[in-house]
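Taking it in order: structure first as structure tokens, then the write-up.
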Amino acid sequence: MSASLLASNGKPYPYLQAIHEDGTVNENFIQRTGLPFFTATNYLVQIFSSITLTSSISHAALNNYHIVGPLLTKSKSLEKVDPHRIACQKYKDLPSWGFVVIVLVAVTFTCAMSSISKFGISVAGLLAALSTSFLMTLAL
């Protein structure tokens, strides 16, 4: 029983030869060798690893709900102000324009690095990823 990719002759698939060094597909090799075959064991390994990971996380969350639950709900503490908040109030807050500058520098740097690299994400893909990450970080 093997979880390996197999060639049509039953031997391990030489997948490193199927991809050029620049990350593109080696079409000649694929036409000569064919596509890899997944064994039933490969499918079972993927299914069981997904099940075990999901069940481990669920088990940990459900058995430790008294620890995890308060992290997901609003604090019902009787303290009016967190002592750590009081300690941090003596420092000046970063102005809003500072956050805008950080975002602009990060996006510009990411676009530049993406356009320089051969494997970079397209500008449309980058903007979609940035928009999605922005929407996911909004406090609801």
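We name chains A, B, ... following the order of the structure tokens; residues begin at 1 in each chain, and ligands are numbered from 1 as shown.
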Handout entry: All helix (DSSP H, G or I) positions in segment 80-118 of chain A, as a list in words
Key =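 Put together, the selection reads Pro83, His84, Arg85, Ile86, Ala87, Cys88, Ser96, Trp97, Gly98, Phe99, Val100, Val101, Ile102, Val103, Leu104, Val105, Ala106, Val107, Thr108, Phe109, Thr110, Cys111, Ala112, Met113, Ser114, Ser115 and Ile116 of chain A.
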With C-alpha atoms retained, export the selected residues as a short mmCIF file (atom, residue, chain, number, x, y, z; two decimals), in the first residue's frame.
data_model
loop_
_atom_site.label_atom_id
_atom_site.label_comp_id
_atom_site.auth_asym_id
_atom_site.auth_seq_id
_atom_site.Cartn_x
_atom_site.Cartn_y
_atom_site.Cartn_z
CA PRO A 83 -5.12 47.57 33.98
CA HIS A 84 -3.09 46.93 30.84
CA ARG A 85 -5.14 49.54 29.01
CA ILE A 86 -4.33 52.06 31.74
CA ALA A 87 -0.62 51.29 31.37
CA CYS A 88 -0.81 51.70 27.58
CA SER A 96 -4.67 57.46 11.22
CA TRP A 97 -2.43 58.75 8.45
CA GLY A 98 0.33 56.52 9.85
CA PHE A 99 -1.76 53.43 9.19
CA VAL A 100 -2.54 54.67 5.67
CA VAL A 101 1.19 55.15 4.99
CA ILE A 102 1.93 51.63 6.26
CA VAL A 103 -0.76 50.13 4.00
CA LEU A 104 0.39 52.10 0.94
CA VAL A 105 4.04 51.14 1.47
CA ALA A 106 3.11 47.47 1.99
CA VAL A 107 0.88 47.33 -1.11
CA THR A 108 3.46 49.16 -3.24
CA PHE A 109 6.23 46.85 -2.03
CA THR A 110 4.07 43.78 -2.70
CA CYS A 111 3.16 44.94 -6.22
CA ALA A 112 6.82 45.69 -6.98
CA MET A 113 8.02 42.32 -5.70
CA SER A 114 5.21 40.53 -7.55
CA SER A 115 6.05 42.21 -10.86
CA ILE A 116 9.79 41.50 -10.50
#
Problem - Atomic distance atom CA of Leu71 of chain A - atom CA of Thr132 of chain A, expressed in Å with one decimal - result: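 That distance, rounded to one decimal, is 24.2 Å.
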Practice task
Could you find all residues in segment 8-94 of chain A that DSSP calls strand (DSSP E or B) from the backbone, and write them as an NGL selection string?
Solution key: :A and (12 or 19 or 25 or 37-38)
Handout entry: Nearest candidate to Arg32 of chain A (options A:Leu16, A:Leu44, A:Leu126, A:Ala7; using only C-alpha atoms)
Key =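 Result for the nearest residue to Arg32 of chain A: A:Ala7.
If only C-alpha atoms are the atoms counted, then among A:Leu127, A:Val81, A:Leu6, A:Leu62 the closest residue to Phe38 of chain A is A:Leu6.
Going from atom CA of Gly23 of chain A over to atom CA of Val123 of chain A, you cover 19.1 Å.
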Problem - Long-range neighbours of Gly34 of chain A as a list in words, 8 Å cut-off, only C-alpha atoms, 3 positions minimum in chain - result: Ala7, Ser8, Phe29, Ile30 and Gln31 of chain A
